[in-house]
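> If you scroll down you'll find the structure; I have some questions about it.
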Number of protein chains: 4
Amino acid sequence: MSRRPLIGVMGAGEGASSAAIQLAEELGAAITERCWALLSGGRPEGVMAAVSRGACSVEGHLVVGVLPGGGQGQGRQHTAELDLALFTGMGQARNLINVLSADVVVVCGGGGAGTASEAAHAIKAKRPVILLAVPPLWREFFCSLSAEVQSANDVADCCALIVARLNET
Amino acid sequence: MSRRPLIGVMGAGEGASSAAIQLAEELGAAITERCWALLSGGRPEGVMAAVSRGACSVEGHLVVGVLPGGGQGQGRQHTAELDLALFTGMGQARNLINVLSADVVVVCGGGGAGTASEAAHAIKAKRPVILLAVPPLWREFFCSLSAEVQSANDVADCCALIVARLNET
Amino acid sequence: MSRRPLIGVMGAGEGASSAAIQLAEELGAAITERCWALLSGGRPEGVMAAVSRGACSVEGHLVVGVLPGGGQGQGRQHTAELDLALFTGMGQARNLINVLSADVVVVCGGGGAGTASEAAHAIKAKRPVILLAVPPLWREFFCSLSAEVQSANDVADCCALIVARLNET
Amino acid sequence: MSRRPLIGVMGAGEGASSAAIQLAEELGAAITERCWALLSGGRPEGVMAAVSRGACSVEGHLVVGVLPGGGQGQGRQHTAELDLALFTGMGQARNLINVLSADVVVVCGGGGAGTASEAAHAIKAKRPVILLAVPPLWREFFCSLSAEVQSANDVADCCALIVARLNET
């Protein structure tokens with residue numbers, strides 16, 4: 001039995017731009033089409049929600065959310081469009097689990113400080129990182145931290161880079 | 001879209017008895033037969049391995065392992081019979097994630113201190129806990145911590161209790 | 001420069017018995033008298049509060065609390081009688097940090113499931129564990145997990161055991 | 001009883017520049033001189049080691065290290081110049097504890113991806129962040145994440161900003 005590759009997609013929650021949301025939805029669909037599984041921060045907002053929605057729009061999806069909360073009460077239900085919800089109860093420390101678990105980490109459209117922490121943790125842990133349509137300052141900063149970080153402008157480019165990184169491992 | 005219930009099965013690693021291993025394998029198969037997803041500590045030993053193996057022996061399985069390691073190098077591969085491997089890099093702190101994420105926690109056949117920490121965390125977090133064929137001292141101790149803890153002697157009893165707990169939520 | 005030994009004291013929060021609270025206060029004072037530093041779960045309740053209060057009643061104390069919360073807002077202030085407050089934002093996962101950090105772990109007067117998880121994690125991590133005036137069922141259960149677990153009936157006995165364990169390391 | 005303010009200093013480990021190391025040592029001394037306590041990542045390398053060494057060079061120091069390892073075996077000893085060593089066993093997740101626990105977070109001289117994750121987590125958690133002598137790209141990036149981030153060029157400036165931030169809380 002071999003596992004499906006697990007692609008982590010990180011990005012803004014509440015403050016996500018409509019461009020980032022559209023891109024995330026497209027990326028999510030592309031991930032399921034290629035029979036990859038999707039991992040995100042799992043909250044029902046912004047890029048996390050959009051990428052899950054996109055992945056679930058294609059048959060055969062496997063969509064995982066790793067959540068900051070402990071899954072008590074309401075928090076357990078409010079995570080539609082996840083095939084699996086992992087509740088960590090560890091707040092932002094779950095960001096580290098996201099990037100360690102993903103075979104490839106895609107940072108979609110930039111984001112806030114939470115997304116930046118995920119990109120930094122991924123680089124520190126030597127996970128493959130692809131920056132998809134991030135602001136120039138994000139690209140400049142994260143590429144300065146590691147020569148291994150790659151950039152893509154659209155979903156097709158991004159998926160080609162993912163394929164290449166998966167073939168390495 | 002509704003998620004499949006996620007059943008967490010905790011138990012001994014290296015030191016598991018052959019009775020516990022046989023029970024875990026049977027329980028794993030029963031979990032997939034009922035269309036539930038399985039979560040375990042994911043390491044390729046003892047109850048963790050057996051319950052995953054059992055679950056994977058039935059078609060339509062969804063088997064998740066939440067691992068203590070960070071998924072670097074070899075550690076990434078050595079987790080056969082998982083549909084999804086979550087790497088936490090947090091050592092025993094991953095025990096907490098196991099019990100918070102599971103809709104029902106089954107402690108299969110007792111175990112060592114790691115398993116005991118999972119039972120204790122599950123009770124603290126008010127997750128439903130079922131003790132399956134644990135030693136009398138385990139039953140006495142954990143039932144003293146919470147009147148909600150339930151016991152089962154075999155897999156059929158255990159699954160009936162799981163159904164009842166899932167219907168409550 | 002050599003560090004002061006760090007003694008972790010675990011026990012009940014809200015539900016602590018008055019006997020456990022009195023014992024914890026006495027133990028805290030004894031810890032500072034011997035120039036050891038104290039570590040506890042840091043919340044202003046039960047055994048955690050009492051052991052800190054006791055330790056602070058003697059000059060030269062060094063009292064550390066490792067807290068489940070993230071230190072936002074009010075939570076930052078409500079931890080009197082700590083020389084140092086470490087905010088983890090990781091909920092019960094902080095229990096693991098408590099026992100890994102302590103040179104010796106004392107379980108004072110039993111407790112609830114949270115305290116049980118700390119005793120179990122300490123045994124799993126092979127930290128020295130001393131059960132101080134715990135219920136017979138606690139002693140029986142944790143001694144069944146490891147032959148290294150020791151018991152004490154009063155603070156003087158407990159401190160003698162701590163001295164012996166510190167001399168081993 | 002009131003706690004001493006706890007200043008977190010983050011920076012490069014093995015790859016630290018000699019300028020960053022010198023600055024860290026000076027900052028450490030300044031922290032103890034002002035009766036503040038120091039928190040760092042605690043490993044015996046780079047900025048972590050230098051800031052601890054500086055703080056310990058002045059009488060009355062209180063120097064805390066929050067370590068990625070679990071404190072087993074050798075790892076327990078190799079942390080000279082710490083008054084308190086907290087072992088988390090959680091790898092890079094300890095970065096989050098560092099920034100949540102600090103009353104003010106100073107990023108000293110830039111660093112690698114680990115330091116970047118700490119700056120990002122601190123901003124996300126709304127802790128006060130001061131960038132001390134970081135590269136222009138670091139300043140530009142982190143100031144783009146939050147208008148609250150401040151910069152200092154030398155230790156005197158940095159301490160003046162710390163005083164101002166402590167007075168706010």
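Residue names in the structure tokens use chain letters A, B, ... in the order shown, residue numbers from 1 in each chain, and ligand numbers from 1 in the order shown.
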Just want the 9 Å neighbourhood of region 119-122 of chain A, counted on only C-alpha atoms, with same-chain residues fewer than 3 positions away dropped. Output as a PyMOL selection string.
(chain A and resi 10+95-96+98-100+105-107+114-116+125-129+131+142+145) or (chain D and resi 92+112-118+120)
> With only C-alpha atoms considered, list every residue of chain D at most 6 Å from chain C, as a VMD selection string.
chain D and resid 3 70 83 86 to 88 97 100 to 101
> Deliver the residues from the most recent selection as a file, using N, CA and C atoms, as a short mmCIF file (atom, residue, chain, number, x, y, z; two decimals), in the first residue's frame.

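What landed in part_35.cif:
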```
data_model
loop_
_atom_site.label_atom_id
_atom_site.label_comp_id
_atom_site.auth_asym_id
_atom_site.auth_seq_id
_atom_site.Cartn_x
_atom_site.Cartn_y
_atom_site.Cartn_z
N ARG D 3 6.56 39.98 39.25
CA ARG D 3 7.57 39.30 38.44
C ARG D 3 8.48 40.29 37.74
N GLY D 70 14.23 17.06 24.63
CA GLY D 70 13.48 16.54 25.76
C GLY D 70 14.31 16.39 27.02
N ASP D 83 20.09 29.88 34.07
CA ASP D 83 19.62 29.65 35.45
C ASP D 83 18.50 28.63 35.46
N LEU D 86 14.27 24.88 30.38
CA LEU D 86 12.99 24.21 30.18
C LEU D 86 13.12 23.31 28.96
N PHE D 87 12.86 22.03 29.15
CA PHE D 87 12.96 21.07 28.05
C PHE D 87 11.55 20.77 27.56
N THR D 88 11.33 21.00 26.28
CA THR D 88 9.99 20.85 25.74
C THR D 88 9.80 19.55 24.98
N ILE D 97 6.53 29.02 22.20
CA ILE D 97 6.56 29.24 23.66
C ILE D 97 7.47 30.42 23.98
N LEU D 100 5.50 33.65 23.15
CA LEU D 100 4.33 33.87 23.99
C LEU D 100 4.75 34.23 25.42
N SER D 101 5.86 33.70 25.87
CA SER D 101 6.28 33.91 27.26
C SER D 101 6.96 35.26 27.46
#
```
> Considering only strand (DSSP E or B) as DSSP defines it on the backbone, what residues of region 11-144 of chain B qualify? List them as a ChimeraX atom specification.
/B:37-40,63-67,84-87,104-108,129-132
> Please identify which residues in chain C DSSP calls helix (DSSP H, G or I) from the backbone, and express them as a VMD selection string.
chain C and resid 18 to 33 46 to 56 73 to 76 91 to 101 113 to 124 136 to 145 155 to 168
> Mind giving me the straight-line distance from CA of Leu38 (chain B) to CA of Ala55 (chain B) in Å, one decimal?
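Rounded to one decimal, the two atoms are 7.3 Å apart.
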> Quick one: everything within 10 Å of Glu26 (chain B), counting only C-alpha atoms, minus sequence neighbours fewer than 2 positions away in the same chain. Send it as a PyMOL selection string.
chain B and resi 20-24+28-31+50-51+53-55+57+154-156
> For the atom pair CA of Ala19 (chain B) and CA of Gly75 (chain B), what is the interatomic distance in Å to one decimal place?
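For CA of Ala19 (chain B) relative to CA of Gly75 (chain B), the distance reads 27.7 Å.
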> Using CA of Gly65 (chain A) and CA of Gly41 (chain A) as the two end points, give the distance in Å to one decimal.
5.3 Å
